[in-house]
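S.K.: Dropping in run-v2.cif, which is mmCIF, C-alpha atoms:
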data_data
loop_
_atom_site.label_atom_id
_atom_site.label_comp_id
_atom_site.auth_asym_id
_atom_site.auth_seq_id
_atom_site.Cartn_x
_atom_site.Cartn_y
_atom_site.Cartn_z
CA MET A 1 103.92 130.30 74.04
CA ALA A 2 106.45 127.81 75.32
CA GLU A 3 106.13 125.76 72.14
CA GLN A 4 106.70 128.83 70.04
CA SER A 5 109.78 129.86 71.99
CA GLU A 6 111.19 126.37 71.63
CA TYR A 7 110.58 126.42 67.87
CA PHE A 8 112.20 129.80 67.26
CA TYR A 9 115.05 130.05 69.68
CA THR A 10 116.53 126.60 70.15
CA THR A 11 119.93 126.89 68.48
CA LYS A 12 122.74 129.39 68.68
CA HIS A 13 123.37 128.99 64.96
CA GLU A 14 119.86 130.25 64.29
CA GLU A 15 120.60 133.50 66.09
CA LYS A 16 123.63 134.53 64.01
CA THR A 17 121.88 136.39 61.19
CA GLY A 18 118.34 137.49 60.46
CA ILE A 19 118.56 136.04 56.96
CA GLY A 20 119.59 132.68 58.41
CA ILE A 21 116.60 132.74 60.75
CA ILE A 22 114.17 133.47 57.93
CA ILE A 23 115.64 130.75 55.70
CA ARG A 24 115.47 128.24 58.54
CA GLU A 25 111.87 129.14 59.30
CA HIS A 26 110.92 128.42 55.68
CA LYS A 27 112.54 124.99 55.44
CA GLY A 28 109.95 122.31 54.84
CA GLN A 29 107.10 124.84 55.00
CA GLY A 30 106.37 125.14 51.26
CA LYS A 31 103.13 123.14 51.14
CA LYS A 32 101.83 124.73 54.32
CA ILE A 33 102.55 128.24 52.99
CA LEU A 34 100.74 127.43 49.74
CA ARG A 35 97.67 126.14 51.59
CA LEU A 36 97.63 129.13 53.90
CA SER A 37 97.92 131.59 51.00
CA VAL A 38 94.76 130.11 49.46
CA SER A 39 93.06 130.02 52.86
CA HIS A 40 94.02 133.65 53.44
CA LEU A 41 92.38 134.69 50.16
CA VAL A 42 89.20 132.77 50.99
CA LYS A 43 89.08 134.13 54.54
CA LYS A 44 89.51 137.72 53.35
CA TYR A 45 86.25 137.56 51.37
CA LYS A 46 84.39 135.23 53.70
CA GLY A 47 80.67 135.97 53.76
CA ALA A 48 80.59 137.48 50.26
CA LEU A 49 78.47 135.61 47.74
CA LEU A 50 81.23 135.60 45.12
CA GLY A 51 83.97 135.00 47.67
CA PRO A 52 87.58 135.38 46.44
CA LEU A 53 86.31 136.40 42.99
CA TRP A 54 85.96 139.89 44.45
CA ALA A 55 89.76 140.06 44.54
CA VAL A 56 89.64 140.09 40.73
CA ILE A 57 86.28 141.82 40.21
CA LYS A 58 87.20 144.99 42.13
CA PRO A 59 90.39 145.85 40.17
CA SER A 60 88.78 144.65 36.92
CA PHE A 61 85.93 147.11 37.49
CA THR A 62 88.49 149.89 37.99
CA LEU A 63 90.13 148.95 34.68
CA PHE A 64 86.72 148.96 32.99
CA ILE A 65 86.06 152.48 34.30
CA LEU A 66 89.43 153.60 32.94
CA TRP A 67 88.62 152.12 29.53
CA PHE A 68 85.17 153.70 29.47
CA ALA A 69 86.47 157.08 30.62
CA PHE A 70 89.37 157.36 28.20
CA ASP A 71 88.17 155.39 25.18
CA ILE A 72 84.46 156.21 25.23
CA GLY A 73 83.87 159.24 27.42
CA ILE A 74 86.94 161.44 26.96
CA ARG A 75 87.99 160.68 23.42
CA GLY A 76 90.16 163.77 23.40
CA SER A 77 92.28 162.46 26.26
CA GLY A 78 95.15 161.99 23.84
CA THR A 79 98.13 159.68 24.01
CA VAL A 80 101.18 159.09 26.19
CA ASP A 81 104.39 158.23 24.32
CA GLY A 82 102.28 157.48 21.26
CA TYR A 83 100.07 154.98 23.10
CA PRO A 84 96.38 155.51 23.93
CA ARG A 85 96.13 156.81 27.46
CA PHE A 86 94.06 153.82 28.57
CA VAL A 87 96.69 151.36 27.30
CA PHE A 88 99.45 153.31 29.01
CA MET A 89 97.56 153.44 32.32
CA LEU A 90 96.50 149.78 32.07
CA THR A 91 100.12 148.60 32.12
CA GLY A 92 100.75 150.82 35.15
CA TYR A 93 97.65 149.98 37.15
CA VAL A 94 98.04 146.18 36.97
CA PRO A 95 101.41 146.08 38.79
CA TRP A 96 100.19 148.84 41.12
CA PHE A 97 97.26 146.71 42.29
CA TYR A 98 99.72 144.07 43.45
CA ILE A 99 102.27 146.52 44.86
CA SER A 100 99.70 148.38 46.97
CA GLU A 101 98.26 145.12 48.31
CA ALA A 102 101.73 143.70 48.99
CA ILE A 103 102.78 146.81 50.94
CA LEU A 104 99.57 147.38 52.90
CA GLY A 105 98.64 143.72 53.33
CA GLY A 106 102.21 142.85 54.18
CA ALA A 107 102.41 145.54 56.85
CA ARG A 108 99.17 144.28 58.41
CA SER A 109 100.00 140.60 58.03
CA ILE A 110 101.26 139.81 61.55
CA ARG A 111 98.62 141.88 63.35
CA ASN A 112 95.81 140.44 61.19
CA ASN A 113 97.06 136.88 61.75
CA ARG A 114 98.01 137.20 65.40
CA GLN A 115 96.50 133.79 66.20
CA TYR A 116 99.48 132.14 64.46
CA VAL A 117 101.83 134.10 66.70
CA THR A 118 100.09 133.89 70.06
CA LYS A 119 98.35 130.50 69.93
CA LEU A 120 100.27 128.31 67.47
CA SER A 121 103.84 127.19 67.06
CA PHE A 122 104.25 128.77 63.64
CA PRO A 123 107.27 130.50 62.01
CA MET A 124 106.42 134.20 62.06
CA SER A 125 108.18 135.07 58.80
CA ASN A 126 105.92 132.61 56.97
CA ILE A 127 102.95 134.86 57.72
CA MET A 128 104.40 137.59 55.51
CA THR A 129 105.14 135.00 52.83
CA PHE A 130 101.67 133.50 52.49
CA THR A 131 100.07 136.97 52.67
CA ASN A 132 102.12 138.18 49.71
CA LEU A 133 101.64 134.92 47.85
CA SER A 134 97.85 135.22 48.04
CA ALA A 135 98.12 138.69 46.45
CA LEU A 136 100.34 137.22 43.74
CA PHE A 137 97.62 134.74 42.72
CA VAL A 138 95.27 137.64 42.03
CA HIS A 139 98.03 139.45 40.15
CA PHE A 140 98.47 136.51 37.77
CA ILE A 141 94.78 136.61 36.87
CA LEU A 142 94.84 140.37 36.31
CA CYS A 143 97.92 140.01 34.11
CA ILE A 144 96.09 137.48 31.95
CA ILE A 145 93.17 139.91 31.59
CA MET A 146 95.60 142.73 30.74
CA TYR A 147 97.40 140.58 28.17
CA VAL A 148 94.15 139.65 26.43
CA VAL A 149 93.05 143.30 26.33
CA LEU A 150 96.41 144.37 24.86
CA ILE A 151 96.24 141.68 22.17
CA VAL A 152 92.69 142.72 21.25
CA MET A 153 93.88 146.33 20.96
CA GLY A 154 96.77 145.33 18.70
CA TYR A 155 99.67 145.10 21.15
CA CYS A 156 101.65 141.97 22.06
CA PRO A 157 102.66 139.24 21.82
CA GLY A 158 106.41 139.55 21.39
CA ILE A 159 109.72 138.17 22.59
CA TYR A 160 109.95 140.97 25.16
CA ASN A 161 106.91 139.57 26.97
CA ILE A 162 109.11 136.89 28.53
CA GLN A 163 110.50 139.60 30.82
CA PHE A 164 107.20 139.39 32.71
CA PHE A 165 108.55 136.42 34.68
CA TYR A 166 111.64 138.40 35.66
CA TYR A 167 109.65 141.38 36.87
CA CYS A 168 106.89 139.36 38.51
CA VAL A 169 109.23 137.18 40.56
CA LEU A 170 111.46 140.11 41.47
CA MET A 171 108.45 142.21 42.46
CA PHE A 172 107.21 139.46 44.77
CA VAL A 173 110.65 139.03 46.37
CA PHE A 174 111.24 142.77 46.81
CA PHE A 175 107.96 143.54 48.57
CA TRP A 176 108.18 140.33 50.58
CA ILE A 177 111.56 141.52 51.87
CA LEU A 178 110.02 144.91 52.64
CA THR A 179 107.54 143.22 55.00
CA TRP A 180 110.42 141.95 57.14
CA THR A 181 110.55 145.56 58.37
CA THR A 182 106.98 146.85 58.00
CA ALA A 183 105.10 143.85 59.47
CA PRO A 184 107.00 143.72 62.80
CA MET A 185 106.84 147.53 63.12
CA ALA A 186 103.08 147.57 62.42
CA ALA A 187 102.62 144.75 64.94
CA PHE A 188 104.14 147.02 67.59
CA SER A 189 102.14 150.12 66.66
CA ILE A 190 98.99 150.66 64.65
CA ASP A 191 100.26 154.20 64.09
CA PHE A 192 102.99 152.77 61.90
CA GLU A 193 100.36 150.87 59.90
CA ASN A 194 98.38 154.11 59.47
CA LEU A 195 101.56 155.87 58.37
CA VAL A 196 102.16 153.25 55.66
CA SER A 197 98.54 153.59 54.52
CA SER A 198 98.87 157.38 54.30
CA ILE A 199 102.12 157.22 52.36
CA MET A 200 100.58 154.94 49.73
CA THR A 201 98.34 157.72 48.38
CA GLY A 202 101.37 159.90 47.77
CA MET A 203 103.35 157.01 46.28
CA PHE A 204 100.61 156.46 43.69
CA TRP A 205 100.99 159.96 42.31
CA LEU A 206 104.78 160.09 42.69
CA SER A 207 105.15 156.84 40.74
CA GLY A 208 104.68 156.43 37.02
CA ILE A 209 101.29 154.78 37.04
CA VAL A 210 99.51 157.57 35.16
CA TRP A 211 102.51 159.44 33.74
CA ASN A 212 105.90 158.65 32.25
CA THR A 213 108.81 159.17 34.63
CA TYR A 214 111.30 158.97 31.77
CA THR A 215 109.98 162.19 30.19
CA VAL A 216 110.61 164.49 33.17
CA GLU A 217 112.54 167.44 31.73
CA ASN A 218 114.61 168.22 34.81
CA ASP A 219 117.58 165.82 34.78
CA THR A 220 118.03 165.85 38.56
CA ILE A 221 114.38 165.04 39.30
CA ARG A 222 114.35 162.35 36.60
CA ARG A 223 117.37 160.65 38.21
CA ILE A 224 115.79 160.93 41.66
CA MET A 225 112.81 158.98 40.30
CA TYR A 226 115.14 156.00 39.85
CA PHE A 227 115.19 155.63 43.63
CA ASN A 228 111.48 154.82 43.70
CA PRO A 229 111.30 151.01 43.33
CA ILE A 230 107.65 151.20 42.27
CA ASN A 231 108.79 153.02 39.13
CA TYR A 232 111.17 150.18 38.40
CA PHE A 233 108.34 147.67 38.14
CA VAL A 234 105.77 149.93 36.46
CA ASN A 235 108.28 150.98 33.80
CA GLY A 236 109.39 147.37 33.54
CA TYR A 237 105.89 146.17 32.71
CA ARG A 238 105.70 148.83 30.00
CA LYS A 239 109.05 147.75 28.57
CA THR A 240 107.68 144.20 28.55
CA PHE A 241 104.26 144.78 27.03
CA LEU A 242 104.45 148.13 25.21
CA TYR A 243 107.90 149.54 24.51
CA GLY A 244 109.54 146.32 23.36
CA GLU A 245 112.81 146.94 25.21
CA PHE A 246 115.04 144.67 27.24
CA ILE A 247 115.65 145.68 30.83
CA PHE A 248 119.41 145.22 30.61
CA GLU A 249 119.94 147.64 27.73
CA ARG A 250 122.79 150.04 28.39
CA LYS A 251 120.57 153.11 28.84
CA TYR A 252 118.91 151.44 31.85
CA MET A 253 122.21 150.54 33.54
CA TRP A 254 121.98 153.09 36.37
CA GLU A 255 118.33 152.30 36.99
CA ASN A 256 119.25 148.64 37.51
CA ILE A 257 122.26 149.43 39.69
CA ILE A 258 120.21 151.72 41.96
CA PHE A 259 117.38 149.21 42.29
CA PHE A 260 119.56 146.22 43.17
CA THR A 261 121.61 148.33 45.59
CA GLU A 262 118.38 149.29 47.36
CA MET A 263 117.29 145.67 47.41
CA ILE A 264 120.54 144.49 48.99
CA ILE A 265 120.33 147.21 51.65
CA LEU A 266 116.70 146.27 52.31
CA ILE A 267 117.64 142.60 52.79
CA PHE A 268 120.13 143.44 55.55
CA LEU A 269 117.94 146.07 57.21
CA GLY A 270 114.80 143.95 57.02
CA SER A 271 116.44 140.79 58.36
CA HIS A 272 118.04 142.84 61.17
CA PHE A 273 114.66 144.32 62.16
CA TYR A 274 113.04 140.91 62.04
CA LYS A 275 115.73 139.32 64.20
CA LYS A 276 115.53 142.07 66.82
CA LEU A 277 111.74 142.35 67.03
CA ARG A 278 110.42 138.82 66.52
CA LYS A 279 111.05 137.77 70.15
CA LEU A 280 109.02 140.71 71.46
CA ILE A 281 106.02 140.50 69.12
CA PRO A 282 104.16 137.61 70.86
CA ASP A 283 104.09 139.58 74.12
CA VAL A 284 102.98 142.79 72.36
CA LEU A 285 100.13 141.04 70.58
#
As C-alpha coordinates - that is how I would like this structure written.
M.R.:
Amino acid sequence: MAEQSEYFYTTKHEEKTGIGIIIREHKGQGKKILRLSVSHLVKKYKGALLGPLWAVIKPSFTLFILWFAFDIGIRGSGTVDGYPRFVFMLTGYVPWFYISEAILGGARSIRNNRQYVTKLSFPMSNIMTFTNLSALFVHFILCIIMYVVLIVMGYCPGIYNIQFFYYCVLMFVFFWILTWTTAPMAAFSIDFENLVSSIMTGMFWLSGIVWNTYTVENDTIRRIMYFNPINYFVNGYRKTFLYGEFIFERKYMWENIIFFTEMIILIFLGSHFYKKLRKLIPDVL
(Lines of atoms letter the chains of each structure in order from A and count residues from 1; the text may use other names and numbers.)
(Lines give C-alpha, C1' and ligand atoms only; values in the text may rest on other atoms or scores of the structure.)
Protein backbone atom coordinates (compact mmCIF):
# COMPACT_ATOMS: atom_id res chain seq x y z
CA MET A 1 0.00 0.00 0.00
CA ALA A 2 2.88 2.34 0.72
CA GLU A 3 4.23 1.86 -2.80
CA GLN A 4 0.85 2.66 -4.26
CA SER A 5 0.46 5.82 -2.19
CA GLU A 6 3.91 6.95 -3.26
CA TYR A 7 3.07 6.35 -6.92
CA PHE A 8 -0.24 8.22 -6.87
CA TYR A 9 0.23 11.09 -4.50
CA THR A 10 3.79 12.29 -4.74
CA THR A 11 3.44 15.70 -6.37
CA LYS A 12 1.25 18.69 -5.71
CA HIS A 13 0.95 19.30 -9.45
CA GLU A 14 -0.68 15.90 -9.81
CA GLU A 15 -3.45 16.88 -7.41
CA LYS A 16 -4.63 19.99 -9.29
CA THR A 17 -7.15 18.38 -11.65
CA GLY A 18 -8.64 14.94 -12.10
CA ILE A 19 -7.90 15.05 -15.82
CA GLY A 20 -4.25 15.82 -15.08
CA ILE A 21 -4.07 12.84 -12.73
CA ILE A 22 -5.53 10.47 -15.32
CA ILE A 23 -3.20 11.73 -18.06
CA ARG A 24 -0.20 11.37 -15.77
CA GLU A 25 -1.20 7.84 -14.80
CA HIS A 26 -1.29 6.84 -18.48
CA LYS A 27 2.13 8.20 -19.41
CA GLY A 28 4.44 5.40 -20.50
CA GLN A 29 1.78 2.76 -19.80
CA GLY A 30 0.69 2.06 -23.39
CA LYS A 31 2.38 -1.33 -23.85
CA LYS A 32 1.36 -2.50 -20.40
CA ILE A 33 -2.28 -1.51 -21.02
CA LEU A 34 -2.27 -3.38 -24.33
CA ARG A 35 -0.88 -6.54 -22.73
CA LEU A 36 -3.35 -6.35 -19.87
CA SER A 37 -6.30 -5.88 -22.23
CA VAL A 38 -5.41 -9.14 -23.99
CA SER A 39 -4.77 -10.84 -20.65
CA HIS A 40 -8.13 -9.61 -19.37
CA LEU A 41 -9.92 -11.16 -22.35
CA VAL A 42 -8.12 -14.48 -21.87
CA LYS A 43 -8.75 -14.49 -18.12
CA LYS A 44 -12.46 -13.78 -18.59
CA TYR A 45 -12.95 -17.04 -20.51
CA LYS A 46 -10.34 -19.08 -18.66
CA GLY A 47 -11.33 -22.73 -18.40
CA ALA A 48 -13.51 -22.69 -21.52
CA LEU A 49 -12.35 -24.95 -24.34
CA LEU A 50 -12.66 -22.20 -26.94
CA GLY A 51 -11.35 -19.52 -24.61
CA PRO A 52 -11.70 -15.89 -25.80
CA LEU A 53 -13.47 -17.07 -28.96
CA TRP A 54 -16.63 -17.16 -26.82
CA ALA A 55 -16.48 -13.35 -26.76
CA VAL A 56 -17.28 -13.47 -30.48
CA ILE A 57 -19.33 -16.68 -30.60
CA LYS A 58 -21.97 -15.52 -28.11
CA PRO A 59 -22.97 -12.28 -29.90
CA SER A 60 -22.56 -13.97 -33.30
CA PHE A 61 -25.06 -16.62 -32.21
CA THR A 62 -27.49 -13.86 -31.20
CA LEU A 63 -27.10 -12.30 -34.66
CA PHE A 64 -27.71 -15.70 -36.26
CA ILE A 65 -30.94 -16.08 -34.27
CA LEU A 66 -32.04 -12.63 -35.44
CA TRP A 67 -31.34 -13.55 -39.05
CA PHE A 68 -33.16 -16.87 -38.75
CA ALA A 69 -36.14 -15.31 -36.97
CA PHE A 70 -36.67 -12.40 -39.33
CA ASP A 71 -35.44 -13.74 -42.66
CA ILE A 72 -36.51 -17.38 -42.39
CA GLY A 73 -39.08 -17.74 -39.64
CA ILE A 74 -41.08 -14.51 -39.70
CA ARG A 75 -40.97 -13.51 -43.33
CA GLY A 76 -43.83 -11.11 -42.77
CA SER A 77 -41.82 -9.10 -40.26
CA GLY A 78 -41.62 -6.28 -42.77
CA THR A 79 -39.10 -3.48 -43.11
CA VAL A 80 -37.87 -0.49 -41.14
CA ASP A 81 -37.15 2.64 -43.19
CA GLY A 82 -37.19 0.48 -46.31
CA TYR A 83 -34.55 -1.91 -44.96
CA PRO A 84 -35.18 -5.55 -43.99
CA ARG A 85 -35.77 -5.70 -40.26
CA PHE A 86 -32.78 -8.00 -39.74
CA VAL A 87 -30.43 -5.56 -41.51
CA PHE A 88 -31.79 -2.66 -39.49
CA MET A 89 -31.40 -4.53 -36.20
CA LEU A 90 -27.95 -5.88 -37.15
CA THR A 91 -26.51 -2.36 -37.39
CA GLY A 92 -28.03 -1.56 -33.99
CA TYR A 93 -27.05 -4.72 -32.15
CA VAL A 94 -23.35 -4.62 -33.08
CA PRO A 95 -22.63 -1.27 -31.38
CA TRP A 96 -24.95 -2.27 -28.53
CA PHE A 97 -22.86 -5.36 -27.75
CA TYR A 98 -19.86 -3.11 -27.19
CA ILE A 99 -21.79 -0.38 -25.35
CA SER A 100 -23.37 -2.80 -22.87
CA GLU A 101 -20.03 -4.49 -22.19
CA ALA A 102 -18.25 -1.13 -21.86
CA ILE A 103 -20.82 0.15 -19.35
CA LEU A 104 -21.23 -3.01 -17.26
CA GLY A 105 -17.63 -4.22 -17.55
CA GLY A 106 -16.35 -0.73 -16.95
CA ALA A 107 -18.43 -0.32 -13.80
CA ARG A 108 -17.13 -3.65 -12.47
CA SER A 109 -13.55 -3.10 -13.58
CA ILE A 110 -11.98 -1.92 -10.31
CA ARG A 111 -13.84 -4.38 -8.10
CA ASN A 112 -13.08 -7.30 -10.46
CA ASN A 113 -9.40 -6.33 -10.63
CA ARG A 114 -8.91 -5.35 -7.01
CA GLN A 115 -5.53 -7.12 -6.88
CA TYR A 116 -4.04 -4.28 -8.95
CA VAL A 117 -5.33 -1.78 -6.41
CA THR A 118 -4.59 -3.54 -3.13
CA LYS A 119 -1.43 -5.53 -3.91
CA LEU A 120 0.36 -3.79 -6.78
CA SER A 121 1.64 -0.31 -7.46
CA PHE A 122 -0.55 0.22 -10.50
CA PRO A 123 -2.33 3.36 -11.80
CA MET A 124 -6.00 2.80 -11.00
CA SER A 125 -7.37 4.62 -14.05
CA ASN A 126 -5.51 2.18 -16.30
CA ILE A 127 -7.77 -0.61 -15.07
CA MET A 128 -10.78 1.05 -16.72
CA THR A 129 -8.72 1.58 -19.87
CA PHE A 130 -7.58 -1.98 -20.45
CA THR A 131 -11.06 -3.32 -19.56
CA ASN A 132 -12.68 -1.18 -22.25
CA LEU A 133 -9.90 -1.90 -24.71
CA SER A 134 -10.45 -5.66 -24.42
CA ALA A 135 -14.13 -5.12 -25.29
CA LEU A 136 -13.07 -3.02 -28.27
CA PHE A 137 -11.05 -5.92 -29.72
CA VAL A 138 -14.20 -8.04 -29.78
CA HIS A 139 -16.14 -5.15 -31.31
CA PHE A 140 -13.71 -4.94 -34.23
CA ILE A 141 -14.26 -8.61 -35.04
CA LEU A 142 -18.04 -8.26 -34.84
CA CYS A 143 -17.90 -5.21 -37.11
CA ILE A 144 -15.99 -7.24 -39.71
CA ILE A 145 -18.66 -9.96 -39.53
CA MET A 146 -21.40 -7.32 -39.84
CA TYR A 147 -19.68 -5.69 -42.82
CA VAL A 148 -19.35 -9.00 -44.65
CA VAL A 149 -23.03 -9.81 -44.01
CA LEU A 150 -24.11 -6.39 -45.29
CA ILE A 151 -22.03 -6.76 -48.46
CA VAL A 152 -23.49 -10.22 -49.10
CA MET A 153 -26.99 -8.75 -48.68
CA GLY A 154 -26.25 -5.95 -51.14
CA TYR A 155 -25.31 -3.07 -48.83
CA CYS A 156 -21.93 -1.35 -48.58
CA PRO A 157 -19.22 -0.55 -49.38
CA GLY A 158 -19.33 3.22 -49.80
CA ILE A 159 -17.49 6.41 -48.95
CA TYR A 160 -19.70 6.85 -45.87
CA ASN A 161 -18.20 3.71 -44.33
CA ILE A 162 -15.10 5.70 -43.37
CA GLN A 163 -17.19 7.30 -40.61
CA PHE A 164 -16.86 3.99 -38.75
CA PHE A 165 -13.47 5.10 -37.43
CA TYR A 166 -14.97 8.34 -36.13
CA TYR A 167 -17.80 6.58 -34.31
CA CYS A 168 -15.70 3.67 -33.07
CA VAL A 169 -12.98 5.84 -31.53
CA LEU A 170 -15.50 8.29 -30.08
CA MET A 171 -17.58 5.45 -28.65
CA PHE A 172 -14.52 4.00 -26.91
CA VAL A 173 -13.53 7.39 -25.49
CA PHE A 174 -17.05 8.27 -24.32
CA PHE A 175 -17.70 5.06 -22.40
CA TRP A 176 -14.15 5.04 -21.06
CA ILE A 177 -14.80 8.50 -19.62
CA LEU A 178 -18.07 7.22 -18.16
CA THR A 179 -16.14 4.61 -16.15
CA TRP A 180 -14.25 7.39 -14.35
CA THR A 181 -17.53 7.80 -12.43
CA THR A 182 -19.13 4.34 -12.49
CA ALA A 183 -16.05 2.23 -11.61
CA PRO A 184 -15.12 4.11 -8.40
CA MET A 185 -18.78 4.25 -7.33
CA ALA A 186 -19.25 0.51 -7.95
CA ALA A 187 -16.03 -0.18 -6.02
CA PHE A 188 -17.60 1.51 -3.01
CA SER A 189 -20.96 -0.23 -3.27
CA ILE A 190 -22.14 -3.34 -5.09
CA ASP A 191 -25.61 -1.80 -4.95
CA PHE A 192 -24.44 0.82 -7.42
CA GLU A 193 -23.18 -1.96 -9.72
CA ASN A 194 -26.58 -3.68 -9.47
CA LEU A 195 -28.28 -0.36 -10.25
CA VAL A 196 -26.22 0.03 -13.43
CA SER A 197 -27.05 -3.55 -14.43
CA SER A 198 -30.77 -2.93 -13.89
CA ILE A 199 -30.75 0.30 -15.87
CA MET A 200 -29.17 -1.42 -18.88
CA THR A 201 -32.32 -3.43 -19.62
CA GLY A 202 -34.34 -0.25 -19.83
CA MET A 203 -31.67 1.50 -21.89
CA PHE A 204 -31.85 -1.26 -24.50
CA TRP A 205 -35.52 -0.62 -25.16
CA LEU A 206 -35.28 3.17 -24.82
CA SER A 207 -32.47 3.30 -27.38
CA GLY A 208 -32.85 2.80 -31.10
CA ILE A 209 -31.48 -0.72 -31.36
CA VAL A 210 -34.72 -2.27 -32.62
CA TRP A 211 -36.60 0.86 -33.68
CA ASN A 212 -35.87 4.18 -35.35
CA THR A 213 -35.69 7.12 -32.96
CA TYR A 214 -35.87 9.59 -35.85
CA THR A 215 -39.43 8.52 -36.73
CA VAL A 216 -41.04 9.33 -33.37
CA GLU A 217 -44.06 11.48 -34.22
CA ASN A 218 -44.05 13.60 -31.08
CA ASP A 219 -41.48 16.38 -31.63
CA THR A 220 -40.73 16.83 -27.93
CA ILE A 221 -40.06 13.13 -27.31
CA ARG A 222 -37.97 12.89 -30.48
CA ARG A 223 -35.77 15.77 -29.29
CA ILE A 224 -35.47 14.22 -25.83
CA MET A 225 -34.07 11.10 -27.50
CA TYR A 226 -31.07 13.19 -28.58
CA PHE A 227 -29.95 13.21 -24.94
CA ASN A 228 -29.42 9.45 -24.98
CA PRO A 229 -25.79 8.97 -26.10
CA ILE A 230 -26.47 5.34 -27.04
CA ASN A 231 -28.78 6.62 -29.77
CA TYR A 232 -25.97 8.78 -31.09
CA PHE A 233 -23.79 5.76 -31.80
CA VAL A 234 -26.52 3.38 -32.96
CA ASN A 235 -27.89 5.96 -35.39
CA GLY A 236 -24.32 6.79 -36.38
CA TYR A 237 -23.59 3.20 -37.38
CA ARG A 238 -26.74 3.22 -39.51
CA LYS A 239 -25.71 6.48 -41.18
CA THR A 240 -22.36 4.84 -41.88
CA PHE A 241 -23.48 1.47 -43.20
CA LEU A 242 -27.10 1.92 -44.33
CA TYR A 243 -28.35 5.47 -44.78
CA GLY A 244 -25.32 6.86 -46.57
CA GLU A 245 -25.31 10.17 -44.68
CA PHE A 246 -22.52 12.22 -43.17
CA ILE A 247 -22.74 12.90 -39.47
CA PHE A 248 -22.05 16.61 -39.84
CA GLU A 249 -24.95 17.33 -42.18
CA ARG A 250 -26.95 20.35 -41.11
CA LYS A 251 -30.02 18.38 -40.02
CA TYR A 252 -27.92 16.60 -37.37
CA MET A 253 -26.45 19.82 -35.95
CA TRP A 254 -28.40 19.78 -32.67
CA GLU A 255 -27.78 16.09 -32.16
CA ASN A 256 -24.03 16.71 -32.39
CA ILE A 257 -24.14 19.77 -30.14
CA ILE A 258 -26.08 17.91 -27.44
CA PHE A 259 -23.78 14.89 -27.56
CA PHE A 260 -20.51 16.84 -27.33
CA THR A 261 -21.94 19.04 -24.57
CA GLU A 262 -22.77 15.89 -22.59
CA MET A 263 -19.31 14.53 -23.25
CA ILE A 264 -17.59 17.68 -21.98
CA ILE A 265 -19.74 17.68 -18.83
CA LEU A 266 -18.96 13.99 -18.32
CA ILE A 267 -15.21 14.64 -18.59
CA PHE A 268 -15.29 17.18 -15.76
CA LEU A 269 -17.70 15.21 -13.57
CA GLY A 270 -15.90 11.91 -14.13
CA SER A 271 -12.42 13.31 -13.47
CA HIS A 272 -13.74 15.05 -10.34
CA PHE A 273 -15.25 11.80 -9.02
CA TYR A 274 -12.06 9.92 -9.79
CA LYS A 275 -9.88 12.48 -8.03
CA LYS A 276 -12.06 12.49 -4.91
CA LEU A 277 -12.58 8.73 -4.60
CA ARG A 278 -9.33 7.14 -5.78
CA LYS A 279 -7.53 7.69 -2.44
CA LEU A 280 -10.29 5.90 -0.54
CA ILE A 281 -10.79 2.88 -2.82
CA PRO A 282 -7.76 0.81 -1.67
CA ASP A 283 -9.04 0.89 1.92
CA VAL A 284 -12.61 0.04 0.85
CA LEU A 285 -11.47 -2.95 -1.20
S.K.: List the residues matched by the PyMOL selection byres ((chain A and resi 135-151) around 8) in the displayed structure as a list of chain:residue names, ordered by chain and then by residue number.
M.R.: A:Leu41, A:Ala55, A:Val56, A:Ser60, A:Val87, A:Leu90, A:Thr91, A:Val94, A:Pro95, A:Phe97, A:Tyr98, A:Glu101, A:Ala102, A:Thr131, A:Asn132, A:Leu133, A:Ser134, A:Val152, A:Met153, A:Gly154, A:Tyr155, A:Cys156, A:Pro157, A:Phe172
S.K.: What separation in Å, quoted to one decimal, exists between atom CA of A:Leu34 and atom CA of A:Gly20?
M.R.: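 We find that atom CA of A:Leu34 and atom CA of A:Gly20 lie 21.4 Å from each other.
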S.K.: Which residue is closest to A:Thr182? Choose from A:Ile65, A:Ala107, A:Leu36, A:Met263 and count all atoms listed in the file.
M.R.: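 So, comparing all the options, the nearest one is A:Ala107.
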S.K.: Between atom CA of A:Phe175 and atom CA of A:Met200, what is the distance in Å, rounded to a tenth?
M.R.: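 We find that atom CA of A:Phe175 and atom CA of A:Met200 lie 13.6 Å from each other.
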S.K.: On this file, the PyMOL selection byres ((chain A and resi 111-119) around 8) gives some set of residues; write that set as a ChimeraX atom specification.
M.R.: /A:1,4,108-110,120-122,124,127,183,186-187,282,285
S.K.: Which residues match the PyMOL selection byres ((chain A and resi 252) around 12) in the file above, as number ranges by chain?
M.R.: A: 214, 223, 226, 232, 235-236, 239, 245-251, 253-259
S.K.: Please, what distance in Å, to one decimal, runs between atom CA of A:Tyr160 and atom CA of A:Gly244?
M.R.: 5.7 Å
S.K.: Between A:Met203, A:Val284, A:Leu195, A:Val42, which residue has the minimum interatomic distance to A:Ile230, considering all atoms listed in the file?
M.R.: A:Met203
S.K.: Using only C-alpha atoms, which residues sit within 10 Å of A:Thr17 once same-chain residues fewer than 4 positions away are excluded, as number ranges by chain?
M.R.: A: 13, 21-22, 268, 271-272, 274-275
S.K.: Here is a test: counting all atoms listed in the file, which residue of A:Ser198, A:Ser125, A:Thr213, A:Gln163 is nearest to A:Ile177?
M.R.: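 Ranked by minimum distance to A:Ile177, first place goes to A:Ser125.
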S.K.: Could you check the closest approach to A:Cys168 for each of A:Asn228, A:Val234, A:Val196, A:Gly105 and tell me which residue wins, using only C-alpha atoms?
M.R.: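 Result for the nearest residue to A:Cys168: A:Val234.
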S.K.: Which residues come within 12 Å of A:Val80, counting all atoms listed in the file, excluding same-chain residues fewer than 4 positions away, as a VMD selection string?
M.R.: chain A and resid 84 to 90 208 to 215 238 242 to 243
